[in-house]
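A.B. asks: Structure in structure tokens, see below.
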Amino acid sequence: RFVAFYANADYAFDRKYSVSATVRYDGSNALGASSSARWLPTWNVGAKWNAQNEEFLSDVEWLDVLSVRASYGLNASMPSVSNAQAVYRNSQVYRPGYTENQIQIESLGNSELTWEKSYQFNAGIDLTLFDSRFNFSLDYFDRQSFDLIAMIRTGGIGGQEWKYANYADLDAHGFDVTLGGTMIRTKNWTWSANFTFGYSTNKIKNAKNLPQVLDLVRAEGGNLNGYPVNSLFSIPFVGINPSSGVPYFVNEDGEVSTDVSMQGYDASFLKYEGSVDPKYTGGFNTSVRYKNLTFNAFFTYQAGNKI
């Protein structure tokens with residue numbers, strides 16, 4: 001179950017300056033039993049300056065909008081795991097000639113799991129010119145995430161050698177650019193177009209999980225401290241035996257071999273290729289109208305990732 005209380009406050013002065021603030025208090029019983037784990041206060045403050053309404057810009061007829069905005073706050077999200085109490089599953093064991101019901105422990109209870117949190121700073125600028133025929137916006141974000149849930153090795157007390165815990169950090173930043181407008185606007189004809197470009201990058205910090213080699217070289221990528229989320233690694237390739245066609249690799253012992261341990265936890269010999277998530281994303285859309293007939297086209301792109 002989920003419940004939330006929130007309050008908003010906004011203030012604007014002379015159509016030039018505005019500020020806003022939001023406070024939330026969220027709760028969920030999918031997390032730990034303690035009140036500190038179930039309940040979390042979050043907040044956000046923001047401000048905006050509408051420069052086009054200033055007196056020194058009142059004579060600029062071709063300027064429609066020129067605004068600068070910024071915000072900062074604490075956000076939270078529900079983690080992907082929710083085993084505040086032990087999770088049991090019913091199953092069957094097949095015996096020769098009959099079956100037997102059983103209950104399996106899927107995961108032990110973890111009363112300390114709580115929300116994943118992040119402090120995020122946003123800043124942006126909006127520009128509109130020539131009676132909305134040209135639009136431009138730039139948005140920047142910097143996110144410092146903490147209390148992220150990841151696996152951590154324990155001393156085995158409680159029955160688990162590895163368990164989930166709120167301890168990992170993730171730093172991310174990026175920006176988005178939008179450029180477009182309505183270039184033609186008549187009674188019978190209208191042509192508008194928009195181009196978007198986005199860049200984002202991240203880095204895992206303070207993660208103490210030890211993924212196996214198999215988890216890092218899979219197509220979906222893996223997570224390792226000091227690298228981006230969903231990083232793709234490869235086993236160093238040396239060459240192919242010309243007589244047999246068998247490939248050779250550099251294994252975990254630094255030796256050229258045809259055999260590599262995929263279950264090992266030593267990832268130091270692997271080659272980092274990049275993240276499977278794209279660094280650059282965006283799109284282009286355009287619309288042409290003639291009287292009551294409209295044609296739309298939309299294209300998307302992404303780049304900077306490894307497959």
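Identifiers for the structure tokens are assigned positionally: chains receive A, B, ... in sequence, residues are indexed from 1 per chain, and ligands are indexed from 1 in the order shown.
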From range 25-201 of chain A, collect each residue whose DSSP state is strand (DSSP E) and return the set as JSON, numbers by chain.

C.D. replies: {"A": [25, 26, 27, 28, 39, 40, 41, 42, 43, 44, 45, 46, 47, 48, 49, 50, 63, 64, 65, 66, 67, 68, 69, 70, 71, 72, 73, 74, 75, 76, 77, 87, 88, 89, 90, 91, 92, 93, 94, 95, 98, 99, 100, 101, 102, 103, 104, 105, 106, 107, 116, 117, 118, 119, 120, 121, 122, 123, 124, 125, 126, 127, 128, 129, 134, 135, 136, 137, 138, 139, 140, 141, 142, 143, 144, 145, 146, 147, 148, 149, 150, 151, 152, 153, 162, 163, 164, 165, 166, 167, 168, 169, 170, 171, 172, 173, 174, 175, 176, 177, 178, 179, 180, 181, 182, 183, 184, 185, 189, 190, 191, 192, 193, 194, 195, 196, 197, 198, 199, 200, 201]}

A.B. asks: Residues of range 104-193 of chain A within 12 Å of range 276-281 of chain A: nearest atom pair and distance (Å, one decimal) for each, counting only C-alpha atoms, sorted by chain and number, as a tab-separated table?

C.D. replies:
residue	atom	partner	partner_atom	distance
A:Ala172	CA	A:Lys279	CA	11.4
A:His173	CA	A:Lys279	CA	10.8
A:Gly174	CA	A:Lys279	CA	9.1
A:Phe175	CA	A:Tyr280	CA	9.9
A:Asp176	CA	A:Thr281	CA	9.1
A:Val177	CA	A:Thr281	CA	10.5
A:Thr178	CA	A:Thr281	CA	11.9

A.B. asks: Name the residues in contact with Thr22 in chain A at a cut-off of 10 Å, using only C-alpha atoms, excluding same-chain residues fewer than 6 positions from it; report them as a CSV table (one decimal) with C-alpha atoms, in the first residue's frame.

C.D. replies:
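Just written: around39.csv:
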chain,number,residue,atom,x,y,z
A,6,TYR,CA,2.0,16.9,-0.3
A,7,ALA,CA,1.8,20.7,-0.3
A,8,ASN,CA,2.6,23.3,-2.9
A,9,ALA,CA,3.4,27.0,-2.7
A,10,ASP,CA,3.9,29.4,-5.6
A,42,THR,CA,11.0,14.8,-0.1
A,43,TRP,CA,11.1,18.4,-1.3
A,44,ASN,CA,11.8,20.6,-4.3
A,45,VAL,CA,12.3,24.4,-4.8
A,46,GLY,CA,12.4,26.2,-8.1
A,73,GLY,CA,15.4,19.0,-4.7

A.B. asks: Near Phe141 in chain A, within 12 Å and counting only C-alpha atoms, which residues show up once chain neighbours fewer than 2 positions away are dropped, as a list in words?

C.D. replies: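 Once the adjacent positions are removed, what remains is Arg69, Ala70, Ser71, Tyr72, Gly73, Tyr119, Gln120, Phe121, Asn122, Ala123, Gly124, Leu138, Asp139, Arg143, Gln144, Asp171, Ala172, His173, Gly174, Phe175, Asp176, Gly198, Tyr199, Ser200, Thr201 and Asn202 of chain A.
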
A.B. asks: Extract, using only C-alpha atoms, all DNA, RNA and protein residues at most 9 Å from Pro79 in chain A, discarding same-chain residues fewer than 3 positions from it, and format them as a PDB file with all heavy atoms, in the first residue's frame.

C.D. replies:
ATOM      1  N   LEU A  31       8.268  -1.809   2.113  1.00  0.00           N
ATOM      2  CA  LEU A  31       9.643  -1.694   2.560  1.00  0.00           C
ATOM      3  C   LEU A  31       9.779  -2.234   3.979  1.00  0.00           C
ATOM      4  O   LEU A  31       8.940  -2.984   4.454  1.00  0.00           O
ATOM      5  CB  LEU A  31      10.080  -0.232   2.464  1.00  0.00           C
ATOM      6  CG  LEU A  31       9.993   0.358   1.046  1.00  0.00           C
ATOM      7  CD1 LEU A  31      10.236   1.849   1.066  1.00  0.00           C
ATOM      8  CD2 LEU A  31      10.985  -0.326   0.121  1.00  0.00           C
ATOM      9  N   SER A  82      11.338  -5.862  -2.885  1.00  0.00           N
ATOM     10  CA  SER A  82      10.377  -5.516  -1.828  1.00  0.00           C
ATOM     11  C   SER A  82      10.191  -6.679  -0.864  1.00  0.00           C
ATOM     12  O   SER A  82       9.076  -7.054  -0.532  1.00  0.00           O
ATOM     13  CB  SER A  82       9.025  -5.115  -2.432  1.00  0.00           C
ATOM     14  OG  SER A  82       8.515  -6.167  -3.225  1.00  0.00           O
ATOM     15  N   LEU A 113      15.551  -2.482   4.140  1.00  0.00           N
ATOM     16  CA  LEU A 113      15.446  -1.887   2.814  1.00  0.00           C
ATOM     17  C   LEU A 113      14.563  -0.647   2.858  1.00  0.00           C
ATOM     18  O   LEU A 113      13.504  -0.633   3.493  1.00  0.00           O
ATOM     19  CB  LEU A 113      14.863  -2.887   1.814  1.00  0.00           C
ATOM     20  CG  LEU A 113      15.758  -4.084   1.459  1.00  0.00           C
ATOM     21  CD1 LEU A 113      15.038  -4.995   0.484  1.00  0.00           C
ATOM     22  CD2 LEU A 113      17.070  -3.615   0.865  1.00  0.00           C
ATOM     23  N   THR A 114      14.979   0.403   2.168  1.00  0.00           N
ATOM     24  CA  THR A 114      14.215   1.642   2.149  1.00  0.00           C
ATOM     25  C   THR A 114      14.301   2.274   0.765  1.00  0.00           C
ATOM     26  O   THR A 114      14.837   1.678  -0.173  1.00  0.00           O
ATOM     27  CB  THR A 114      14.734   2.618   3.232  1.00  0.00           C
ATOM     28  OG1 THR A 114      13.889   3.766   3.253  1.00  0.00           O
ATOM     29  CG2 THR A 114      16.160   3.038   2.946  1.00  0.00           C
ATOM     30  N   TRP A 115      13.806   3.500   0.647  1.00  0.00           N
ATOM     31  CA  TRP A 115      13.726   4.176  -0.641  1.00  0.00           C
ATOM     32  C   TRP A 115      15.115   4.437  -1.243  1.00  0.00           C
ATOM     33  O   TRP A 115      16.084   4.656  -0.522  1.00  0.00           O
ATOM     34  CB  TRP A 115      13.014   5.522  -0.478  1.00  0.00           C
ATOM     35  CG  TRP A 115      11.658   5.437   0.136  1.00  0.00           C
ATOM     36  CD1 TRP A 115      11.372   5.324   1.469  1.00  0.00           C
ATOM     37  CD2 TRP A 115      10.405   5.462  -0.538  1.00  0.00           C
ATOM     38  NE1 TRP A 115      10.005   5.280   1.665  1.00  0.00           N
ATOM     39  CE2 TRP A 115       9.384   5.362   0.444  1.00  0.00           C
ATOM     40  CE3 TRP A 115      10.026   5.572  -1.881  1.00  0.00           C
ATOM     41  CZ2 TRP A 115       8.037   5.368   0.140  1.00  0.00           C
ATOM     42  CZ3 TRP A 115       8.681   5.575  -2.197  1.00  0.00           C
ATOM     43  CH2 TRP A 115       7.708   5.464  -1.201  1.00  0.00           C
ATOM     44  N   GLU A 116      15.163   4.455  -2.571  1.00  0.00           N
ATOM     45  CA  GLU A 116      16.344   4.928  -3.280  1.00  0.00           C
ATOM     46  C   GLU A 116      16.185   6.430  -3.514  1.00  0.00           C
ATOM     47  O   GLU A 116      15.139   6.869  -3.985  1.00  0.00           O
ATOM     48  CB  GLU A 116      16.527   4.181  -4.601  1.00  0.00           C
ATOM     49  CG  GLU A 116      16.780   2.692  -4.418  1.00  0.00           C
ATOM     50  CD  GLU A 116      16.980   1.965  -5.730  1.00  0.00           C
ATOM     51  OE1 GLU A 116      16.142   2.162  -6.643  1.00  0.00           O
ATOM     52  OE2 GLU A 116      17.956   1.219  -5.852  1.00  0.00           O
ATOM     53  N   LEU A 148      21.131   3.557  -3.201  1.00  0.00           N
ATOM     54  CA  LEU A 148      20.680   2.642  -4.247  1.00  0.00           C
ATOM     55  C   LEU A 148      20.896   1.202  -3.772  1.00  0.00           C
ATOM     56  O   LEU A 148      21.857   0.903  -3.064  1.00  0.00           O
ATOM     57  CB  LEU A 148      21.427   2.892  -5.545  1.00  0.00           C
ATOM     58  CG  LEU A 148      21.331   4.299  -6.121  1.00  0.00           C
ATOM     59  CD1 LEU A 148      22.079   4.391  -7.436  1.00  0.00           C
ATOM     60  CD2 LEU A 148      19.874   4.715  -6.306  1.00  0.00           C
ATOM     61  N   ILE A 149      20.012   0.331  -4.178  1.00  0.00           N
ATOM     62  CA  ILE A 149      20.054  -1.048  -3.712  1.00  0.00           C
ATOM     63  C   ILE A 149      20.949  -1.875  -4.619  1.00  0.00           C
ATOM     64  O   ILE A 149      20.809  -1.867  -5.848  1.00  0.00           O
ATOM     65  CB  ILE A 149      18.641  -1.641  -3.652  1.00  0.00           C
ATOM     66  CG1 ILE A 149      17.839  -0.941  -2.548  1.00  0.00           C
ATOM     67  CG2 ILE A 149      18.684  -3.143  -3.403  1.00  0.00           C
ATOM     68  CD1 ILE A 149      16.440  -1.461  -2.391  1.00  0.00           C
TER      69      ILE A 149
END

A.B. asks: Skip range 164-168 of chain A itself and residues of its chain fewer than 5 positions away, then list as a PDB file with N, CA, C and O atoms, in the first residue's frame all residues within 12 Å of it, counting only C-alpha atoms.

C.D. replies:
ATOM      1  N   LEU A  31       8.268  -1.809   2.113  1.00  0.00           N
ATOM      2  CA  LEU A  31       9.643  -1.694   2.560  1.00  0.00           C
ATOM      3  C   LEU A  31       9.779  -2.234   3.979  1.00  0.00           C
ATOM      4  O   LEU A  31       8.940  -2.984   4.454  1.00  0.00           O
ATOM      5  N   GLY A  32      10.847  -1.830   4.647  1.00  0.00           N
ATOM      6  CA  GLY A  32      11.106  -2.350   5.984  1.00  0.00           C
ATOM      7  C   GLY A  32      10.035  -1.973   6.989  1.00  0.00           C
ATOM      8  O   GLY A  32       9.251  -1.047   6.790  1.00  0.00           O
ATOM      9  N   ALA A  37      12.224   3.478   7.535  1.00  0.00           N
ATOM     10  CA  ALA A  37      12.329   2.840   6.229  1.00  0.00           C
ATOM     11  C   ALA A  37      11.071   3.041   5.401  1.00  0.00           C
ATOM     12  O   ALA A  37      11.131   3.174   4.181  1.00  0.00           O
ATOM     13  N   MET A  78      10.717   3.973  -5.552  1.00  0.00           N
ATOM     14  CA  MET A  78      10.532   2.672  -4.918  1.00  0.00           C
ATOM     15  C   MET A  78      11.551   1.683  -5.493  1.00  0.00           C
ATOM     16  O   MET A  78      11.720   1.594  -6.695  1.00  0.00           O
ATOM     17  N   PRO A  79      12.272   0.963  -4.658  1.00  0.00           N
ATOM     18  CA  PRO A  79      13.264   0.014  -5.179  1.00  0.00           C
ATOM     19  C   PRO A  79      12.604  -1.154  -5.893  1.00  0.00           C
ATOM     20  O   PRO A  79      11.409  -1.426  -5.736  1.00  0.00           O
ATOM     21  N   SER A  80      13.416  -1.849  -6.685  1.00  0.00           N
ATOM     22  CA  SER A  80      12.900  -2.983  -7.460  1.00  0.00           C
ATOM     23  C   SER A  80      12.657  -4.208  -6.596  1.00  0.00           C
ATOM     24  O   SER A  80      11.931  -5.116  -7.004  1.00  0.00           O
ATOM     25  N   VAL A  81      13.257  -4.276  -5.426  1.00  0.00           N
ATOM     26  CA  VAL A  81      13.038  -5.404  -4.519  1.00  0.00           C
ATOM     27  C   VAL A  81      12.134  -4.951  -3.381  1.00  0.00           C
ATOM     28  O   VAL A  81      12.136  -3.792  -2.979  1.00  0.00           O
ATOM     29  N   SER A  82      11.338  -5.862  -2.885  1.00  0.00           N
ATOM     30  CA  SER A  82      10.377  -5.516  -1.828  1.00  0.00           C
ATOM     31  C   SER A  82      10.191  -6.679  -0.864  1.00  0.00           C
ATOM     32  O   SER A  82       9.076  -7.054  -0.532  1.00  0.00           O
ATOM     33  N   ASN A  83      11.301  -7.297  -0.466  1.00  0.00           N
ATOM     34  CA  ASN A  83      11.210  -8.428   0.457  1.00  0.00           C
ATOM     35  C   ASN A  83      11.447  -7.958   1.885  1.00  0.00           C
ATOM     36  O   ASN A  83      12.376  -8.362   2.568  1.00  0.00           O
ATOM     37  N   ALA A  84      10.581  -7.032   2.362  1.00  0.00           N
ATOM     38  CA  ALA A  84      10.663  -6.612   3.754  1.00  0.00           C
ATOM     39  C   ALA A  84      10.417  -7.804   4.681  1.00  0.00           C
ATOM     40  O   ALA A  84      10.962  -7.874   5.771  1.00  0.00           O
ATOM     41  N   SER A 107      13.298 -15.678  -0.864  1.00  0.00           N
ATOM     42  CA  SER A 107      14.216 -14.685  -0.318  1.00  0.00           C
ATOM     43  C   SER A 107      13.898 -14.467   1.149  1.00  0.00           C
ATOM     44  O   SER A 107      12.734 -14.535   1.558  1.00  0.00           O
ATOM     45  N   LEU A 108      14.923 -14.225   1.927  1.00  0.00           N
ATOM     46  CA  LEU A 108      14.736 -13.958   3.346  1.00  0.00           C
ATOM     47  C   LEU A 108      14.245 -12.532   3.543  1.00  0.00           C
ATOM     48  O   LEU A 108      14.419 -11.671   2.689  1.00  0.00           O
ATOM     49  N   GLY A 109      13.628 -12.274   4.674  1.00  0.00           N
ATOM     50  CA  GLY A 109      13.153 -10.934   4.972  1.00  0.00           C
ATOM     51  C   GLY A 109      14.307  -9.969   5.187  1.00  0.00           C
ATOM     52  O   GLY A 109      15.340 -10.321   5.755  1.00  0.00           O
ATOM     53  N   ASN A 110      14.127  -8.743   4.706  1.00  0.00           N
ATOM     54  CA  ASN A 110      15.149  -7.705   4.862  1.00  0.00           C
ATOM     55  C   ASN A 110      14.446  -6.438   5.342  1.00  0.00           C
ATOM     56  O   ASN A 110      13.930  -5.650   4.545  1.00  0.00           O
ATOM     57  N   SER A 111      14.392  -6.264   6.649  1.00  0.00           N
ATOM     58  CA  SER A 111      13.634  -5.166   7.226  1.00  0.00           C
ATOM     59  C   SER A 111      14.309  -3.816   7.078  1.00  0.00           C
ATOM     60  O   SER A 111      13.727  -2.787   7.422  1.00  0.00           O
ATOM     61  N   GLU A 112      15.546  -3.766   6.566  1.00  0.00           N
ATOM     62  CA  GLU A 112      16.280  -2.512   6.489  1.00  0.00           C
ATOM     63  C   GLU A 112      16.183  -1.835   5.122  1.00  0.00           C
ATOM     64  O   GLU A 112      16.716  -0.742   4.947  1.00  0.00           O
ATOM     65  N   LEU A 113      15.551  -2.482   4.140  1.00  0.00           N
ATOM     66  CA  LEU A 113      15.446  -1.887   2.814  1.00  0.00           C
ATOM     67  C   LEU A 113      14.563  -0.647   2.858  1.00  0.00           C
ATOM     68  O   LEU A 113      13.504  -0.633   3.493  1.00  0.00           O
ATOM     69  N   THR A 114      14.979   0.403   2.168  1.00  0.00           N
ATOM     70  CA  THR A 114      14.215   1.642   2.149  1.00  0.00           C
ATOM     71  C   THR A 114      14.301   2.274   0.765  1.00  0.00           C
ATOM     72  O   THR A 114      14.837   1.678  -0.173  1.00  0.00           O
ATOM     73  N   TRP A 115      13.806   3.500   0.647  1.00  0.00           N
ATOM     74  CA  TRP A 115      13.726   4.176  -0.641  1.00  0.00           C
ATOM     75  C   TRP A 115      15.115   4.437  -1.243  1.00  0.00           C
ATOM     76  O   TRP A 115      16.084   4.656  -0.522  1.00  0.00           O
ATOM     77  N   GLU A 116      15.163   4.455  -2.571  1.00  0.00           N
ATOM     78  CA  GLU A 116      16.344   4.928  -3.280  1.00  0.00           C
ATOM     79  C   GLU A 116      16.185   6.430  -3.514  1.00  0.00           C
ATOM     80  O   GLU A 116      15.139   6.869  -3.985  1.00  0.00           O
ATOM     81  N   LYS A 117      17.224   7.209  -3.239  1.00  0.00           N
ATOM     82  CA  LYS A 117      17.083   8.663  -3.205  1.00  0.00           C
ATOM     83  C   LYS A 117      18.089   9.335  -4.130  1.00  0.00           C
ATOM     84  O   LYS A 117      19.112   8.741  -4.493  1.00  0.00           O
ATOM     85  N   SER A 118      17.827  10.600  -4.460  1.00  0.00           N
ATOM     86  CA  SER A 118      18.749  11.373  -5.284  1.00  0.00           C
ATOM     87  C   SER A 118      18.489  12.859  -5.094  1.00  0.00           C
ATOM     88  O   SER A 118      17.337  13.296  -4.967  1.00  0.00           O
ATOM     89  N   GLN A 144      22.679  13.274  -8.193  1.00  0.00           N
ATOM     90  CA  GLN A 144      23.534  12.540  -7.265  1.00  0.00           C
ATOM     91  C   GLN A 144      22.656  11.546  -6.500  1.00  0.00           C
ATOM     92  O   GLN A 144      21.988  11.914  -5.540  1.00  0.00           O
ATOM     93  N   SER A 145      22.663  10.310  -6.947  1.00  0.00           N
ATOM     94  CA  SER A 145      21.817   9.284  -6.345  1.00  0.00           C
ATOM     95  C   SER A 145      22.578   8.555  -5.234  1.00  0.00           C
ATOM     96  O   SER A 145      23.792   8.330  -5.337  1.00  0.00           O
ATOM     97  N   PHE A 146      21.849   8.182  -4.187  1.00  0.00           N
ATOM     98  CA  PHE A 146      22.440   7.466  -3.068  1.00  0.00           C
ATOM     99  C   PHE A 146      21.405   6.519  -2.487  1.00  0.00           C
ATOM    100  O   PHE A 146      20.226   6.562  -2.855  1.00  0.00           O
ATOM    101  N   ASP A 147      21.844   5.671  -1.598  1.00  0.00           N
ATOM    102  CA  ASP A 147      20.990   4.628  -1.017  1.00  0.00           C
ATOM    103  C   ASP A 147      20.407   3.721  -2.102  1.00  0.00           C
ATOM    104  O   ASP A 147      19.309   3.166  -1.940  1.00  0.00           O
ATOM    105  N   LEU A 148      21.131   3.557  -3.201  1.00  0.00           N
ATOM    106  CA  LEU A 148      20.680   2.642  -4.247  1.00  0.00           C
ATOM    107  C   LEU A 148      20.896   1.202  -3.772  1.00  0.00           C
ATOM    108  O   LEU A 148      21.857   0.903  -3.064  1.00  0.00           O
ATOM    109  N   ILE A 149      20.012   0.331  -4.178  1.00  0.00           N
ATOM    110  CA  ILE A 149      20.054  -1.048  -3.712  1.00  0.00           C
ATOM    111  C   ILE A 149      20.949  -1.875  -4.619  1.00  0.00           C
ATOM    112  O   ILE A 149      20.809  -1.867  -5.848  1.00  0.00           O
ATOM    113  N   ALA A 150      21.894  -2.564  -4.004  1.00  0.00           N
ATOM    114  CA  ALA A 150      22.793  -3.463  -4.729  1.00  0.00           C
ATOM    115  C   ALA A 150      23.156  -4.617  -3.802  1.00  0.00           C
ATOM    116  O   ALA A 150      22.924  -4.564  -2.580  1.00  0.00           O
ATOM    117  N   MET A 151      23.741  -5.650  -4.369  1.00  0.00           N
ATOM    118  CA  MET A 151      24.152  -6.801  -3.581  1.00  0.00           C
ATOM    119  C   MET A 151      25.430  -6.482  -2.814  1.00  0.00           C
ATOM    120  O   MET A 151      26.299  -5.756  -3.287  1.00  0.00           O
ATOM    121  N   ILE A 152      25.526  -7.023  -1.603  1.00  0.00           N
ATOM    122  CA  ILE A 152      26.713  -6.827  -0.778  1.00  0.00           C
ATOM    123  C   ILE A 152      27.006  -8.127  -0.035  1.00  0.00           C
ATOM    124  O   ILE A 152      26.081  -8.836   0.391  1.00  0.00           O
ATOM    125  N   ARG A 153      28.290  -8.453   0.082  1.00  0.00           N
ATOM    126  CA  ARG A 153      28.678  -9.678   0.785  1.00  0.00           C
ATOM    127  C   ARG A 153      28.633  -9.444   2.292  1.00  0.00           C
ATOM    128  O   ARG A 153      29.082  -8.406   2.785  1.00  0.00           O
ATOM    129  N   THR A 154      28.078 -10.401   3.004  1.00  0.00           N
ATOM    130  CA  THR A 154      27.979 -10.312   4.463  1.00  0.00           C
ATOM    131  C   THR A 154      28.787 -11.447   5.089  1.00  0.00           C
ATOM    132  O   THR A 154      29.352 -12.301   4.403  1.00  0.00           O
ATOM    133  N   LYS A 203      27.994   7.249 -13.712  1.00  0.00           N
ATOM    134  CA  LYS A 203      29.105   6.471 -13.161  1.00  0.00           C
ATOM    135  C   LYS A 203      28.689   5.876 -11.832  1.00  0.00           C
ATOM    136  O   LYS A 203      28.180   6.584 -10.956  1.00  0.00           O
ATOM    137  N   ILE A 204      28.879   4.579 -11.690  1.00  0.00           N
ATOM    138  CA  ILE A 204      28.550   3.876 -10.456  1.00  0.00           C
ATOM    139  C   ILE A 204      29.652   4.130  -9.432  1.00  0.00           C
ATOM    140  O   ILE A 204      30.839   4.025  -9.738  1.00  0.00           O
ATOM    141  N   LYS A 205      29.235   4.467  -8.211  1.00  0.00           N
ATOM    142  CA  LYS A 205      30.185   4.705  -7.130  1.00  0.00           C
ATOM    143  C   LYS A 205      29.777   3.916  -5.893  1.00  0.00           C
ATOM    144  O   LYS A 205      28.604   3.691  -5.643  1.00  0.00           O
ATOM    145  N   ASN A 206      30.760   3.500  -5.152  1.00  0.00           N
ATOM    146  CA  ASN A 206      30.540   2.857  -3.852  1.00  0.00           C
ATOM    147  C   ASN A 206      29.749   1.555  -3.970  1.00  0.00           C
ATOM    148  O   ASN A 206      28.997   1.194  -3.072  1.00  0.00           O
ATOM    149  N   ALA A 207      29.901   0.850  -5.087  1.00  0.00           N
ATOM    150  CA  ALA A 207      29.248  -0.456  -5.241  1.00  0.00           C
ATOM    151  C   ALA A 207      30.238  -1.555  -4.869  1.00  0.00           C
ATOM    152  O   ALA A 207      31.347  -1.608  -5.414  1.00  0.00           O
ATOM    153  N   LYS A 208      29.850  -2.411  -3.958  1.00  0.00           N
ATOM    154  CA  LYS A 208      30.741  -3.456  -3.459  1.00  0.00           C
ATOM    155  C   LYS A 208      30.338  -4.838  -3.973  1.00  0.00           C
ATOM    156  O   LYS A 208      30.821  -5.850  -3.461  1.00  0.00           O
ATOM    157  N   ASN A 209      29.460  -4.884  -4.958  1.00  0.00           N
ATOM    158  CA  ASN A 209      29.084  -6.174  -5.519  1.00  0.00           C
ATOM    159  C   ASN A 209      30.225  -6.714  -6.380  1.00  0.00           C
ATOM    160  O   ASN A 209      31.006  -5.960  -6.955  1.00  0.00           O
ATOM    161  N   ASN A 223      26.913  -4.372 -14.190  1.00  0.00           N
ATOM    162  CA  ASN A 223      27.197  -3.210 -13.353  1.00  0.00           C
ATOM    163  C   ASN A 223      28.425  -3.483 -12.500  1.00  0.00           C
ATOM    164  O   ASN A 223      28.476  -4.467 -11.755  1.00  0.00           O
ATOM    165  N   LEU A 224      29.414  -2.589 -12.625  1.00  0.00           N
ATOM    166  CA  LEU A 224      30.668  -2.720 -11.895  1.00  0.00           C
ATOM    167  C   LEU A 224      31.082  -1.346 -11.392  1.00  0.00           C
ATOM    168  O   LEU A 224      30.933  -0.342 -12.100  1.00  0.00           O
ATOM    169  N   ASN A 225      31.588  -1.300 -10.167  1.00  0.00           N
ATOM    170  CA  ASN A 225      31.949  -0.028  -9.554  1.00  0.00           C
ATOM    171  C   ASN A 225      32.972   0.730 -10.411  1.00  0.00           C
ATOM    172  O   ASN A 225      33.951   0.164 -10.903  1.00  0.00           O
ATOM    173  N   GLY A 226      32.724   2.035 -10.589  1.00  0.00           N
ATOM    174  CA  GLY A 226      33.621   2.872 -11.366  1.00  0.00           C
ATOM    175  C   GLY A 226      33.277   2.965 -12.831  1.00  0.00           C
ATOM    176  O   GLY A 226      33.954   3.687 -13.574  1.00  0.00           O
TER     177      GLY A 226
END

A.B. asks: One number please: CA of Ala303 in chain A to CA of Thr196 in chain A, in Å, one decimal.

C.D. replies: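 Going from CA of Ala303 in chain A over to CA of Thr196 in chain A covers 13.6 Å.
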
A.B. asks: May I ask which of the residues A:Phe13, A:Tyr25, A:Ser77, A:Asn251 is the closest one to Lys48 in chain A, counting only C-alpha atoms?

C.D. replies: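 Among the listed residues, the smallest separation from Lys48 in chain A belongs to A:Phe13.
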
A.B. asks: Which is closer to Ser18 in chain A than all the others in A:Gln160, A:Gly264, A:Ser35, A:Ser67, using only C-alpha atoms?

C.D. replies: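 Using only C-alpha atoms, the shortest distance to Ser18 in chain A belongs to A:Ser67.
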
A.B. asks: Need to verify the contact set: range 211-219 of chain A, 12 Å, only C-alpha atoms, exclusion of same-chain residues closer than 5 positions in sequence. Can you return it as a count of residues only?

C.D. replies: 39

A.B. asks: Hey, which of A:Pro41, A:Asp14, A:Gly181, A:Thr99 ends up closest to Glu54 in chain A? Count only C-alpha atoms.

C.D. replies: A:Asp14

A.B. asks: Could you give me, as a list of chain:residue names, each residue of range 58-294 of chain A that DSSP assigns to alpha helix (DSSP H) when run on this structure's backbone?

C.D. replies: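 Those in range 58-294 of chain A that DSSP calls alpha helix (DSSP H) are A:Val213, A:Leu214, A:Asp215, A:Leu216.
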
A.B. asks: Looking at A:Gly180, A:Pro228, A:Gly254, A:Gly283, which one is nearest to Phe136 in chain A, with distances taken over only C-alpha atoms?

C.D. replies: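 Closest candidate: A:Gly180.
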
A.B. asks: So what do you get for CA of Leu66 in chain A versus CA of Asn135 in chain A, distance-wise?

C.D. replies: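 Answer for the CA of Leu66 in chain A to CA of Asn135 in chain A separation: 10.2 Å.
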